[in-house]
file structure_21.cif (mmCIF, C-alpha atoms)
data_work
#
loop_
_atom_site.group_PDB
_atom_site.id
_atom_site.type_symbol
_atom_site.label_atom_id
_atom_site.label_comp_id
_atom_site.auth_asym_id
_atom_site.auth_seq_id
_atom_site.Cartn_x
_atom_site.Cartn_y
_atom_site.Cartn_z
ATOM 1 C CA MET A 1 -35.951 -39.997 -99.860
ATOM 2 C CA ASN A 2 -33.094 -38.976 -97.587
ATOM 3 C CA THR A 3 -32.917 -40.103 -93.967
ATOM 4 C CA THR A 4 -30.207 -39.881 -91.304
ATOM 5 C CA LYS A 5 -27.424 -42.275 -92.211
ATOM 6 C CA SER A 6 -23.894 -42.875 -90.979
ATOM 7 C CA PHE A 7 -20.960 -42.429 -93.351
ATOM 8 C CA ILE A 8 -17.372 -43.625 -93.070
ATOM 9 C CA ARG A 9 -15.328 -40.434 -93.314
ATOM 10 C CA GLY A 10 -11.860 -41.880 -92.792
ATOM 11 C CA THR A 11 -9.893 -44.901 -91.612
ATOM 12 C CA GLY A 12 -6.632 -45.496 -89.779
ATOM 13 C CA ALA A 13 -4.401 -48.353 -88.702
ATOM 14 C CA TYR A 14 -1.538 -49.170 -86.408
ATOM 15 C CA LEU A 15 0.752 -52.196 -86.237
ATOM 16 C CA PRO A 16 3.383 -52.673 -83.519
ATOM 17 C CA GLN A 17 6.992 -52.410 -84.635
ATOM 18 C CA ARG A 18 8.081 -55.939 -83.717
ATOM 19 C CA VAL A 19 7.500 -58.549 -86.433
ATOM 20 C CA LEU A 20 7.477 -62.272 -85.608
ATOM 21 C CA SER A 21 8.106 -64.413 -88.686
ATOM 22 C CA ASN A 22 7.221 -68.070 -89.156
ATOM 23 C CA ASP A 23 10.905 -68.898 -88.939
ATOM 24 C CA ASP A 24 11.033 -67.095 -85.591
ATOM 25 C CA LEU A 25 8.119 -69.212 -84.380
ATOM 26 C CA ALA A 26 9.898 -72.371 -85.514
ATOM 27 C CA GLN A 27 12.548 -71.573 -82.915
ATOM 28 C CA MET A 28 9.878 -71.473 -80.188
ATOM 29 C CA VAL A 29 7.504 -74.341 -81.004
ATOM 30 C CA ASP A 30 7.398 -77.481 -83.164
ATOM 31 C CA THR A 31 6.430 -75.917 -86.484
ATOM 32 C CA SER A 32 7.912 -74.585 -89.717
ATOM 33 C CA ASP A 33 7.356 -71.792 -92.196
ATOM 34 C CA GLN A 34 5.967 -74.284 -94.734
ATOM 35 C CA TRP A 35 3.596 -75.888 -92.195
ATOM 36 C CA ILE A 36 2.125 -72.517 -91.219
ATOM 37 C CA ARG A 37 1.836 -71.188 -94.777
ATOM 38 C CA ASP A 38 0.181 -74.341 -96.077
ATOM 39 C CA ARG A 39 -2.483 -74.351 -93.359
ATOM 40 C CA THR A 40 -3.097 -70.647 -92.792
ATOM 41 C CA GLY A 41 -1.446 -68.508 -95.481
ATOM 42 C CA ILE A 42 0.256 -66.512 -92.699
ATOM 43 C CA GLN A 43 3.877 -65.427 -93.123
ATOM 44 C CA GLN A 44 4.314 -63.071 -90.170
ATOM 45 C CA ARG A 45 2.504 -61.190 -87.427
ATOM 46 C CA HIS A 46 3.138 -58.061 -85.319
ATOM 47 C CA ILE A 47 3.715 -58.213 -81.555
ATOM 48 C CA ALA A 48 3.025 -55.354 -79.138
ATOM 49 C CA ALA A 49 6.045 -54.119 -77.209
ATOM 50 C CA GLU A 50 6.352 -54.584 -73.469
ATOM 51 C CA GLY A 51 4.243 -51.882 -71.835
ATOM 52 C CA GLU A 52 2.374 -51.140 -75.073
ATOM 53 C CA LEU A 53 -1.327 -51.337 -74.185
ATOM 54 C CA THR A 54 -4.394 -52.060 -76.263
ATOM 55 C CA SER A 55 -5.447 -48.446 -75.687
ATOM 56 C CA ASP A 56 -2.111 -47.252 -77.109
ATOM 57 C CA LEU A 57 -2.702 -49.204 -80.307
ATOM 58 C CA ALA A 58 -6.267 -47.905 -80.474
ATOM 59 C CA VAL A 59 -5.208 -44.273 -80.030
ATOM 60 C CA ALA A 60 -2.611 -44.524 -82.808
ATOM 61 C CA SER A 61 -5.151 -45.880 -85.316
ATOM 62 C CA ALA A 62 -7.792 -43.377 -84.163
ATOM 63 C CA LYS A 63 -5.466 -40.427 -84.714
ATOM 64 C CA GLU A 64 -4.791 -41.527 -88.275
ATOM 65 C CA ALA A 65 -8.503 -42.091 -88.937
ATOM 66 C CA LEU A 66 -9.302 -38.598 -87.672
ATOM 67 C CA LYS A 67 -6.553 -37.070 -89.783
ATOM 68 C CA ASN A 68 -7.802 -38.873 -92.891
ATOM 69 C CA SER A 69 -11.358 -37.751 -92.194
ATOM 70 C CA GLY A 70 -10.384 -34.094 -91.790
ATOM 71 C CA LEU A 71 -11.729 -34.082 -88.226
ATOM 72 C CA VAL A 72 -10.227 -33.524 -84.779
ATOM 73 C CA PRO A 73 -10.813 -35.321 -81.458
ATOM 74 C CA ALA A 74 -13.160 -32.551 -80.267
ATOM 75 C CA ASP A 75 -15.550 -33.500 -83.085
ATOM 76 C CA VAL A 76 -16.023 -37.005 -81.636
ATOM 77 C CA ASP A 77 -18.859 -37.641 -79.189
ATOM 78 C CA LEU A 78 -18.931 -41.459 -79.293
ATOM 79 C CA ILE A 79 -16.212 -44.121 -79.073
ATOM 80 C CA VAL A 80 -17.085 -47.795 -79.510
ATOM 81 C CA LEU A 81 -14.028 -50.004 -79.048
ATOM 82 C CA ALA A 82 -14.100 -53.683 -79.952
ATOM 83 C CA THR A 83 -11.532 -55.693 -78.022
ATOM 84 C CA THR A 84 -11.006 -59.011 -76.263
ATOM 85 C CA THR A 85 -7.816 -57.795 -74.595
ATOM 86 C CA PRO A 86 -8.726 -54.705 -72.548
ATOM 87 C CA ASP A 87 -6.165 -52.729 -70.569
ATOM 88 C CA GLN A 88 -7.994 -53.547 -67.331
ATOM 89 C CA THR A 89 -11.061 -55.451 -66.178
ATOM 90 C CA PHE A 90 -12.615 -52.023 -65.773
ATOM 91 C CA PRO A 91 -12.997 -49.231 -66.683
ATOM 92 C CA ALA A 92 -13.633 -49.808 -70.377
ATOM 93 C CA THR A 93 -10.537 -49.399 -72.535
ATOM 94 C CA ALA A 94 -12.561 -46.996 -74.685
ATOM 95 C CA THR A 95 -12.505 -44.538 -71.797
ATOM 96 C CA ALA A 96 -8.697 -44.694 -71.772
ATOM 97 C CA VAL A 97 -8.754 -43.922 -75.498
ATOM 98 C CA GLN A 98 -11.158 -41.056 -74.842
ATOM 99 C CA SER A 99 -8.820 -39.602 -72.210
ATOM 100 C CA LYS A 100 -5.628 -40.064 -74.269
ATOM 101 C CA LEU A 101 -7.255 -38.279 -77.202
ATOM 102 C CA GLY A 102 -8.307 -35.403 -74.935
ATOM 103 C CA ILE A 103 -12.023 -35.942 -75.534
ATOM 104 C CA THR A 104 -14.068 -34.718 -72.571
ATOM 105 C CA GLY A 105 -17.655 -35.154 -73.772
ATOM 106 C CA GLY A 106 -19.893 -37.852 -75.143
ATOM 107 C CA ALA A 107 -19.673 -41.555 -74.332
ATOM 108 C CA ALA A 108 -17.095 -44.318 -74.689
ATOM 109 C CA PHE A 109 -17.531 -48.041 -74.112
ATOM 110 C CA ASP A 110 -16.202 -51.449 -75.158
ATOM 111 C CA VAL A 111 -17.834 -54.219 -77.181
ATOM 112 C CA GLN A 112 -16.701 -57.821 -76.730
ATOM 113 C CA ALA A 113 -17.488 -60.196 -79.596
ATOM 114 C CA VAL A 114 -13.936 -61.447 -80.209
ATOM 115 C CA CYS A 115 -13.137 -61.606 -83.950
ATOM 116 C CA SER A 116 -16.615 -60.318 -84.846
ATOM 117 C CA GLY A 117 -16.144 -57.342 -82.533
ATOM 118 C CA PHE A 118 -15.607 -54.663 -85.151
ATOM 119 C CA LEU A 119 -18.836 -55.557 -86.965
ATOM 120 C CA PHE A 120 -20.755 -55.535 -83.666
ATOM 121 C CA ALA A 121 -19.195 -52.149 -82.826
ATOM 122 C CA LEU A 122 -20.012 -50.811 -86.290
ATOM 123 C CA ALA A 123 -23.636 -51.915 -86.001
ATOM 124 C CA THR A 124 -23.885 -50.348 -82.536
ATOM 125 C CA ALA A 125 -22.403 -47.000 -83.552
ATOM 126 C CA ASP A 126 -24.440 -46.906 -86.765
ATOM 127 C CA SER A 127 -27.657 -47.471 -84.835
ATOM 128 C CA MET A 128 -26.862 -44.739 -82.295
ATOM 129 C CA LEU A 129 -25.953 -42.227 -84.987
ATOM 130 C CA ARG A 130 -29.109 -42.973 -86.946
ATOM 131 C CA GLN A 131 -31.171 -42.376 -83.804
ATOM 132 C CA GLY A 132 -29.585 -38.979 -83.328
ATOM 133 C CA LEU A 133 -27.986 -39.872 -79.996
ATOM 134 C CA PHE A 134 -24.551 -38.846 -81.261
ATOM 135 C CA SER A 135 -23.107 -37.164 -84.344
ATOM 136 C CA THR A 136 -19.564 -38.475 -84.855
ATOM 137 C CA ALA A 137 -18.183 -41.832 -83.751
ATOM 138 C CA LEU A 138 -14.814 -43.513 -83.585
ATOM 139 C CA VAL A 139 -15.301 -47.227 -84.210
ATOM 140 C CA ILE A 140 -12.132 -49.092 -83.299
ATOM 141 C CA GLY A 141 -10.937 -52.678 -83.263
ATOM 142 C CA ALA A 142 -7.782 -53.080 -81.176
ATOM 143 C CA GLU A 143 -6.065 -56.157 -79.771
ATOM 144 C CA THR A 144 -2.949 -57.270 -77.943
ATOM 145 C CA PHE A 145 -4.104 -60.805 -78.620
ATOM 146 C CA THR A 146 -0.683 -62.405 -78.349
ATOM 147 C CA ARG A 147 -0.863 -61.880 -74.583
ATOM 148 C CA ILE A 148 -3.543 -64.565 -74.261
ATOM 149 C CA LEU A 149 -1.717 -67.170 -76.366
ATOM 150 C CA ASP A 150 -0.174 -70.412 -75.169
ATOM 151 C CA TRP A 151 3.140 -70.261 -76.995
ATOM 152 C CA SER A 152 3.561 -74.026 -76.663
ATOM 153 C CA ASP A 153 0.316 -74.707 -78.580
ATOM 154 C CA ARG A 154 1.190 -74.585 -82.266
ATOM 155 C CA SER A 155 -2.461 -74.903 -83.304
ATOM 156 C CA THR A 156 -3.181 -71.402 -81.954
ATOM 157 C CA CYS A 157 0.044 -69.454 -81.382
ATOM 158 C CA VAL A 158 0.899 -69.375 -85.101
ATOM 159 C CA LEU A 159 -2.413 -67.708 -86.005
ATOM 160 C CA PHE A 160 -2.655 -64.468 -84.079
ATOM 161 C CA GLY A 161 -1.049 -61.037 -84.010
ATOM 162 C CA ASP A 162 -1.548 -57.590 -82.488
ATOM 163 C CA GLY A 163 -2.814 -54.414 -84.120
ATOM 164 C CA SER A 164 -5.545 -51.822 -84.373
ATOM 165 C CA GLY A 165 -7.795 -50.325 -87.014
ATOM 166 C CA ALA A 166 -10.274 -47.462 -86.760
ATOM 167 C CA ALA A 167 -13.019 -45.793 -88.747
ATOM 168 C CA VAL A 168 -14.687 -42.421 -88.240
ATOM 169 C CA LEU A 169 -18.462 -42.524 -88.704
ATOM 170 C CA GLN A 170 -20.506 -39.364 -89.053
ATOM 171 C CA ALA A 171 -24.263 -38.865 -89.183
ATOM 172 C CA ALA A 172 -25.629 -37.037 -92.217
ATOM 173 C CA PRO A 173 -28.664 -37.108 -94.510
ATOM 174 C CA GLY A 174 -28.396 -39.802 -97.148
ATOM 175 C CA ALA A 175 -30.224 -42.232 -99.390
ATOM 176 C CA GLU A 176 -30.748 -45.879 -98.481
ATOM 177 C CA ASN A 177 -27.969 -47.006 -100.820
ATOM 178 C CA GLU A 178 -25.416 -44.620 -99.301
ATOM 179 C CA GLY A 179 -23.153 -44.884 -96.254
ATOM 180 C CA VAL A 180 -23.590 -47.824 -93.911
ATOM 181 C CA ILE A 181 -26.411 -49.817 -95.465
ATOM 182 C CA ALA A 182 -27.113 -52.989 -93.470
ATOM 183 C CA HIS A 183 -25.901 -55.401 -90.785
ATOM 184 C CA HIS A 184 -26.673 -58.954 -89.720
ATOM 185 C CA ILE A 185 -25.099 -60.060 -86.416
ATOM 186 C CA ARG A 186 -25.723 -63.278 -84.478
ATOM 187 C CA THR A 187 -24.339 -65.439 -81.657
ATOM 188 C CA ASP A 188 -24.669 -69.060 -80.537
ATOM 189 C CA GLY A 189 -23.421 -69.687 -77.007
ATOM 190 C CA ALA A 190 -23.897 -73.447 -77.355
ATOM 191 C CA LYS A 191 -20.733 -73.590 -79.490
ATOM 192 C CA SER A 192 -18.498 -71.704 -77.057
ATOM 193 C CA ASP A 193 -16.482 -74.822 -76.188
ATOM 194 C CA LEU A 194 -15.003 -74.865 -79.691
ATOM 195 C CA LEU A 195 -13.200 -71.524 -79.344
ATOM 196 C CA TYR A 196 -12.622 -69.866 -75.981
ATOM 197 C CA VAL A 197 -10.125 -68.682 -73.371
ATOM 198 C CA ASP A 198 -9.742 -71.006 -70.384
ATOM 199 C CA GLY A 199 -9.735 -68.257 -67.777
ATOM 200 C CA GLY A 200 -11.827 -65.422 -66.445
ATOM 201 C CA VAL A 201 -12.438 -63.154 -63.470
ATOM 202 C CA SER A 202 -15.476 -64.980 -62.072
ATOM 203 C CA SER A 203 -14.537 -68.544 -63.115
ATOM 204 C CA THR A 204 -10.848 -69.023 -62.399
ATOM 205 C CA GLY A 205 -9.466 -65.636 -61.409
ATOM 206 C CA THR A 206 -6.839 -66.054 -64.130
ATOM 207 C CA ILE A 207 -6.280 -64.593 -67.586
ATOM 208 C CA GLY A 208 -6.137 -67.945 -69.382
ATOM 209 C CA HIS A 209 -5.146 -68.870 -72.931
ATOM 210 C CA VAL A 210 -6.901 -69.354 -76.255
ATOM 211 C CA ARG A 211 -8.184 -72.901 -76.885
ATOM 212 C CA MET A 212 -9.604 -73.927 -80.228
ATOM 213 C CA GLN A 213 -10.880 -76.970 -82.107
ATOM 214 C CA GLY A 214 -9.739 -75.758 -85.484
ATOM 215 C CA ASN A 215 -11.525 -78.170 -87.804
ATOM 216 C CA GLN A 216 -14.884 -77.596 -86.108
ATOM 217 C CA VAL A 217 -14.419 -73.832 -86.138
ATOM 218 C CA PHE A 218 -13.576 -73.892 -89.846
ATOM 219 C CA ARG A 219 -16.733 -75.823 -90.698
ATOM 220 C CA HIS A 220 -19.011 -73.523 -88.721
ATOM 221 C CA ALA A 221 -17.209 -70.400 -89.966
ATOM 222 C CA VAL A 222 -17.828 -71.050 -93.645
ATOM 223 C CA THR A 223 -21.483 -71.968 -93.035
ATOM 224 C CA ASN A 224 -22.357 -69.122 -90.639
ATOM 225 C CA ILE A 225 -20.489 -66.422 -92.528
ATOM 226 C CA SER A 226 -22.033 -67.407 -95.848
ATOM 227 C CA SER A 227 -25.502 -67.376 -94.270
ATOM 228 C CA ALA A 228 -24.970 -63.897 -92.785
ATOM 229 C CA ILE A 229 -23.794 -62.518 -96.116
ATOM 230 C CA GLU A 230 -26.727 -64.033 -97.979
ATOM 231 C CA THR A 231 -29.114 -62.508 -95.413
ATOM 232 C CA VAL A 232 -27.645 -59.009 -95.787
ATOM 233 C CA LEU A 233 -27.805 -59.204 -99.572
ATOM 234 C CA GLU A 234 -31.370 -60.487 -99.489
ATOM 235 C CA GLN A 235 -32.440 -57.700 -97.118
ATOM 236 C CA THR A 236 -30.948 -54.984 -99.293
ATOM 237 C CA GLY A 237 -31.763 -56.348 -102.740
ATOM 238 C CA TYR A 238 -28.126 -56.470 -103.806
ATOM 239 C CA THR A 239 -26.427 -59.505 -105.346
ATOM 240 C CA ILE A 240 -22.890 -60.705 -104.874
ATOM 241 C CA ALA A 241 -22.126 -59.367 -108.367
ATOM 242 C CA ASP A 242 -22.964 -55.839 -107.150
ATOM 243 C CA VAL A 243 -20.236 -55.942 -104.506
ATOM 244 C CA ASP A 244 -17.071 -54.078 -105.489
ATOM 245 C CA TRP A 245 -14.900 -55.302 -102.619
ATOM 246 C CA PHE A 246 -15.052 -58.093 -100.061
ATOM 247 C CA VAL A 247 -13.218 -57.216 -96.818
ATOM 248 C CA PRO A 248 -13.464 -60.269 -94.566
ATOM 249 C CA HIS A 249 -12.153 -60.985 -91.102
ATOM 250 C CA GLN A 250 -8.610 -62.211 -91.624
ATOM 251 C CA ALA A 251 -8.843 -65.527 -89.757
ATOM 252 C CA ASN A 252 -6.791 -67.597 -92.163
ATOM 253 C CA GLN A 253 -6.547 -67.898 -95.908
ATOM 254 C CA ARG A 254 -8.432 -71.218 -95.994
ATOM 255 C CA ILE A 255 -11.554 -69.637 -94.489
ATOM 256 C CA LEU A 256 -11.285 -66.577 -96.759
ATOM 257 C CA SER A 257 -11.000 -68.795 -99.817
ATOM 258 C CA GLY A 258 -13.754 -71.148 -98.619
ATOM 259 C CA VAL A 259 -16.278 -68.347 -98.123
ATOM 260 C CA ALA A 260 -15.380 -66.661 -101.412
ATOM 261 C CA LYS A 261 -15.757 -69.931 -103.308
ATOM 262 C CA ARG A 262 -19.083 -70.742 -101.668
ATOM 263 C CA LEU A 263 -20.464 -67.298 -102.576
ATOM 264 C CA GLY A 264 -19.027 -67.263 -106.074
ATOM 265 C CA LEU A 265 -16.895 -64.199 -105.366
ATOM 266 C CA ASP A 266 -14.135 -63.263 -107.792
ATOM 267 C CA ASP A 267 -10.717 -63.660 -106.147
ATOM 268 C CA GLU A 268 -9.640 -60.193 -107.304
ATOM 269 C CA LYS A 269 -12.431 -58.636 -105.214
ATOM 270 C CA VAL A 270 -11.183 -60.199 -101.955
ATOM 271 C CA VAL A 271 -8.970 -58.043 -99.720
ATOM 272 C CA SER A 272 -6.527 -60.316 -97.897
ATOM 273 C CA THR A 273 -3.910 -59.070 -95.429
ATOM 274 C CA VAL A 274 -3.669 -62.235 -93.346
ATOM 275 C CA SER A 275 -0.240 -63.157 -94.729
ATOM 276 C CA HIS A 276 1.380 -60.096 -93.138
ATOM 277 C CA HIS A 277 -0.879 -59.375 -90.164
ATOM 278 C CA GLY A 278 -2.066 -62.812 -89.057
ATOM 279 C CA ASN A 279 -5.405 -62.954 -87.262
ATOM 280 C CA THR A 280 -5.704 -59.736 -85.262
ATOM 281 C CA SER A 281 -9.202 -60.569 -84.009
ATOM 282 C CA ALA A 282 -11.387 -57.427 -83.760
ATOM 283 C CA ALA A 283 -8.701 -55.349 -85.483
ATOM 284 C CA SER A 284 -8.522 -57.412 -88.669
ATOM 285 C CA ILE A 285 -11.415 -55.910 -90.669
ATOM 286 C CA PRO A 286 -10.526 -52.238 -90.098
ATOM 287 C CA LEU A 287 -6.848 -53.036 -90.741
ATOM 288 C CA ALA A 288 -7.714 -54.710 -94.055
ATOM 289 C CA LEU A 289 -10.161 -51.946 -94.979
ATOM 290 C CA HIS A 290 -7.583 -49.244 -94.313
ATOM 291 C CA THR A 291 -4.943 -51.146 -96.297
ATOM 292 C CA ALA A 292 -7.178 -51.386 -99.371
ATOM 293 C CA ILE A 293 -8.237 -47.730 -99.142
ATOM 294 C CA SER A 294 -4.648 -46.567 -98.698
ATOM 295 C CA ASP A 295 -3.320 -48.512 -101.688
ATOM 296 C CA GLY A 296 -6.099 -47.195 -103.921
ATOM 297 C CA ARG A 297 -8.080 -50.359 -104.451
ATOM 298 C CA ILE A 298 -11.189 -49.216 -102.567
ATOM 299 C CA LYS A 299 -12.427 -45.856 -103.795
ATOM 300 C CA LYS A 300 -15.201 -43.473 -102.837
ATOM 301 C CA GLY A 301 -18.546 -44.841 -103.950
ATOM 302 C CA ASP A 302 -17.467 -48.490 -103.893
ATOM 303 C CA LEU A 303 -19.821 -51.044 -102.337
ATOM 304 C CA VAL A 304 -18.005 -53.015 -99.619
ATOM 305 C CA LEU A 305 -19.067 -56.254 -97.959
ATOM 306 C CA SER A 306 -17.482 -57.397 -94.675
ATOM 307 C CA GLU A 307 -17.923 -60.508 -92.589
ATOM 308 C CA ALA A 308 -16.502 -62.116 -89.477
ATOM 309 C CA MET A 309 -16.835 -65.006 -87.084
ATOM 310 C CA GLY A 310 -15.325 -65.373 -83.640
ATOM 311 C CA GLY A 311 -15.606 -67.143 -80.323
ATOM 312 C CA GLY A 312 -18.999 -67.286 -78.727
ATOM 313 C CA PHE A 313 -19.784 -68.226 -81.486
ATOM 314 C CA SER A 314 -20.353 -64.722 -82.788
ATOM 315 C CA TRP A 315 -20.658 -63.871 -86.463
ATOM 316 C CA GLY A 316 -22.043 -61.278 -88.820
ATOM 317 C CA ALA A 317 -21.883 -59.314 -92.034
ATOM 318 C CA SER A 318 -22.065 -55.628 -92.944
ATOM 319 C CA LEU A 319 -22.652 -53.815 -96.218
ATOM 320 C CA PHE A 320 -21.570 -50.222 -96.706
ATOM 321 C CA ARG A 321 -20.653 -47.747 -99.418
ATOM 322 C CA LEU A 322 -17.538 -45.617 -99.042
#

call {"tool": "encode", "arguments": {"input": "structure_21.cif", "output": "structure tokens"}}
result
Amino acid sequence: MNTTKSFIRGTGAYLPQRVLSNDDLAQMVDTSDQWIRDRTGIQQRHIAAEGELTSDLAVASAKEALKNSGLVPADVDLIVLATTTPDQTFPATATAVQSKLGITGGAAFDVQAVCSGFLFALATADSMLRQGLFSTALVIGAETFTRILDWSDRSTCVLFGDGSGAAVLQAAPGAENEGVIAHHIRTDGAKSDLLYVDGGVSSTGTIGHVRMQGNQVFRHAVTNISSAIETVLEQTGYTIADVDWFVPHQANQRILSGVAKRLGLDDEKVVSTVSHHGNTSAASIPLALHTAISDGRIKKGDLVLSEAMGGGFSWGASLFRL
């Protein structure tokens, strides 16, 4: 029986022009290309230009997603933007995207779940489309994450980059195994001291920098992500063997490999862009998804599994069919 579902009609991506290599970083902090590659799998990351805002990155990826979906900005009546690095404290950066795209109707707001942000935004938009509140949504993950890095802290500054990815979701009748199928999102505020920014409007009045206890985060990431994936599969009746493509949050290659091994996923099914993008937080999943669609790996009808974990802790998994 058909019900109202949401379908991914198109994707887009944007990466800033400036590329910062591991060798470049070795000139700034006590590290080396080999040290970074061995621990993270990262070779380079993109850095937003001076004056280039998160909303600018978001708009560029949104325009490409709309073009690839065969739609125009006037078709959009909902924008959900996942970001940890908004243009301003308020208004929401999504409203800046709305204005820059020339959209005058509907609603636009931000979601803040750090690296899990895109999955939280996807679940939010999917729910609102299914309820009939809106018809066409731009779901965007965009970050200028390098602006909250301590460039003297080699445990964090080597990991992150800037970028944006977007997907156009549209409501339409569909079967349960079509379109966006299921989500599982969770948080645990008791673990916030393991990954956080040491600043904030109400606490210090400063922007602050990323602080992380890497070994602890890695342990929780593999456990929580695996649990979320298993829950989604159990809820839907699918098995890991049914999944055509695994598009994870691009935290680092060790976490990607650890989750895949724990789940028994074939390496050839894992989409990894972390070597060239670094960890772009909320932008990483849509960037990786767009990359794999653009190069022909992910095709219409394929079953895609995504997962993420970020500060908060926040984590989740989503299952959808292109």

call {"tool": "closest_residue", "arguments": {"input": "structure_21.cif", "among": "A:Thr124, A:Pro173, A:Asp110, A:Val274", "to": "Thr89 of chain A", "atoms": "all atoms listed in the file"}}
result
A:Asp110

call {"tool": "resolve_selection", "arguments": {"input": "structure_21.cif", "expression": "the PyMOL selection byres ((chain A and resi 141) around 6)", "output": "mmCIF file with C-alpha atoms, in the frame of the given file"}}
result
data_model
loop_
_atom_site.group_PDB
_atom_site.id
_atom_site.type_symbol
_atom_site.label_atom_id
_atom_site.label_comp_id
_atom_site.auth_asym_id
_atom_site.auth_seq_id
_atom_site.Cartn_x
_atom_site.Cartn_y
_atom_site.Cartn_z
ATOM 1 C CA LEU A 81 -14.028 -50.004 -79.048
ATOM 2 C CA ALA A 82 -14.100 -53.683 -79.952
ATOM 3 C CA PHE A 118 -15.607 -54.663 -85.151
ATOM 4 C CA ILE A 140 -12.132 -49.092 -83.299
ATOM 5 C CA ALA A 142 -7.782 -53.080 -81.176
ATOM 6 C CA SER A 164 -5.545 -51.822 -84.373
ATOM 7 C CA GLY A 165 -7.795 -50.325 -87.014
ATOM 8 C CA ALA A 282 -11.387 -57.427 -83.760
ATOM 9 C CA ALA A 283 -8.701 -55.349 -85.483
#

call {"tool": "resolve_selection", "arguments": {"input": "structure_21.cif", "expression": "the PyMOL selection byres ((chain A and resi 291-305) around 7)", "output": "list of chain:residue names"}}
result
A:Val243, A:Asp244, A:Trp245, A:Phe246, A:Val247, A:Val271, A:Leu287, A:Ala288, A:Leu289, A:His290, A:Ser306, A:Glu307, A:Ser318, A:Leu319, A:Phe320, A:Arg321, A:Leu322

call {"tool": "write_last_selection", "arguments": {"input": "structure_21.cif", "atoms": "C-alpha atoms", "output": "short mmCIF file (atom, residue, chain, number, x, y, z; two decimals), keeping the file's coordinate frame"}}
result
data_model
loop_
_atom_site.label_atom_id
_atom_site.label_comp_id
_atom_site.auth_asym_id
_atom_site.auth_seq_id
_atom_site.Cartn_x
_atom_site.Cartn_y
_atom_site.Cartn_z
CA VAL A 243 -20.24 -55.94 -104.51
CA ASP A 244 -17.07 -54.08 -105.49
CA TRP A 245 -14.90 -55.30 -102.62
CA PHE A 246 -15.05 -58.09 -100.06
CA VAL A 247 -13.22 -57.22 -96.82
CA VAL A 271 -8.97 -58.04 -99.72
CA LEU A 287 -6.85 -53.04 -90.74
CA ALA A 288 -7.71 -54.71 -94.06
CA LEU A 289 -10.16 -51.95 -94.98
CA HIS A 290 -7.58 -49.24 -94.31
CA SER A 306 -17.48 -57.40 -94.68
CA GLU A 307 -17.92 -60.51 -92.59
CA SER A 318 -22.06 -55.63 -92.94
CA LEU A 319 -22.65 -53.82 -96.22
CA PHE A 320 -21.57 -50.22 -96.71
CA ARG A 321 -20.65 -47.75 -99.42
CA LEU A 322 -17.54 -45.62 -99.04
#

call {"tool": "resolve_selection", "arguments": {"input": "structure_21.cif", "expression": "the PyMOL selection byres ((chain A and resi 31) around 12)", "output": "short mmCIF file (atom, residue, chain, number, x, y, z; two decimals) with C-alpha atoms, in the frame of the given file"}}
result
data_model
loop_
_atom_site.label_atom_id
_atom_site.label_comp_id
_atom_site.auth_asym_id
_atom_site.auth_seq_id
_atom_site.Cartn_x
_atom_site.Cartn_y
_atom_site.Cartn_z
CA SER A 21 8.11 -64.41 -88.69
CA ASN A 22 7.22 -68.07 -89.16
CA ASP A 23 10.90 -68.90 -88.94
CA ASP A 24 11.03 -67.10 -85.59
CA LEU A 25 8.12 -69.21 -84.38
CA ALA A 26 9.90 -72.37 -85.51
CA GLN A 27 12.55 -71.57 -82.92
CA MET A 28 9.88 -71.47 -80.19
CA VAL A 29 7.50 -74.34 -81.00
CA ASP A 30 7.40 -77.48 -83.16
CA SER A 32 7.91 -74.58 -89.72
CA ASP A 33 7.36 -71.79 -92.20
CA GLN A 34 5.97 -74.28 -94.73
CA TRP A 35 3.60 -75.89 -92.20
CA ILE A 36 2.12 -72.52 -91.22
CA ARG A 37 1.84 -71.19 -94.78
CA ASP A 38 0.18 -74.34 -96.08
CA ARG A 39 -2.48 -74.35 -93.36
CA TRP A 151 3.14 -70.26 -77.00
CA SER A 152 3.56 -74.03 -76.66
CA ASP A 153 0.32 -74.71 -78.58
CA ARG A 154 1.19 -74.58 -82.27
CA SER A 155 -2.46 -74.90 -83.30
CA THR A 156 -3.18 -71.40 -81.95
CA CYS A 157 0.04 -69.45 -81.38
CA VAL A 158 0.90 -69.38 -85.10
#

call {"tool": "closest_residue", "arguments": {"input": "structure_21.cif", "among": "A:Ile229, A:Leu101, A:Val76, A:Ala62", "to": "Gln170 of chain A", "atoms": "all atoms listed in the file"}}
result
A:Val76

call {"tool": "atom_distance", "arguments": {"input": "structure_21.cif", "atom1": "atom CA of Leu78 of chain A", "atom2": "atom CA of Gln112 of chain A"}}
result
16.7 Å

call {"tool": "axis_aligned_box", "arguments": {"input": "structure_21.cif", "around": "segment 268-271 of chain A", "padding_each_side": "4 Å", "output": "JSON"}}
result
{"center_x": -10.7, "center_y": -59.1, "center_z": -103.5, "size_x": 11.5, "size_y": 10.2, "size_z": 15.6}

call {"tool": "closest_residue", "arguments": {"input": "structure_21.cif", "among": "A:Ala107, A:His184, A:Ile42, A:Glu268", "to": "Thr95 of chain A", "atoms": "all atoms listed in the file"}}
result
A:Ala107

call {"tool": "atom_distance", "arguments": {"input": "structure_21.cif", "atom1": "atom CA of Val222 of chain A", "atom2": "atom CA of Lys261 of chain A"}}
result
9.9 Å

call {"tool": "closest_residue", "arguments": {"input": "structure_21.cif", "among": "A:Ser55, A:Thr206, A:Gln216, A:Thr85", "to": "Leu194 of chain A", "atoms": "all atoms listed in the file"}}
result
A:Gln216

call {"tool": "closest_residue", "arguments": {"input": "structure_21.cif", "among": "A:Val80, A:Gly163, A:Met128, A:Leu133", "to": "Ala60 of chain A", "atoms": "all atoms listed in the file"}}
result
A:Gly163
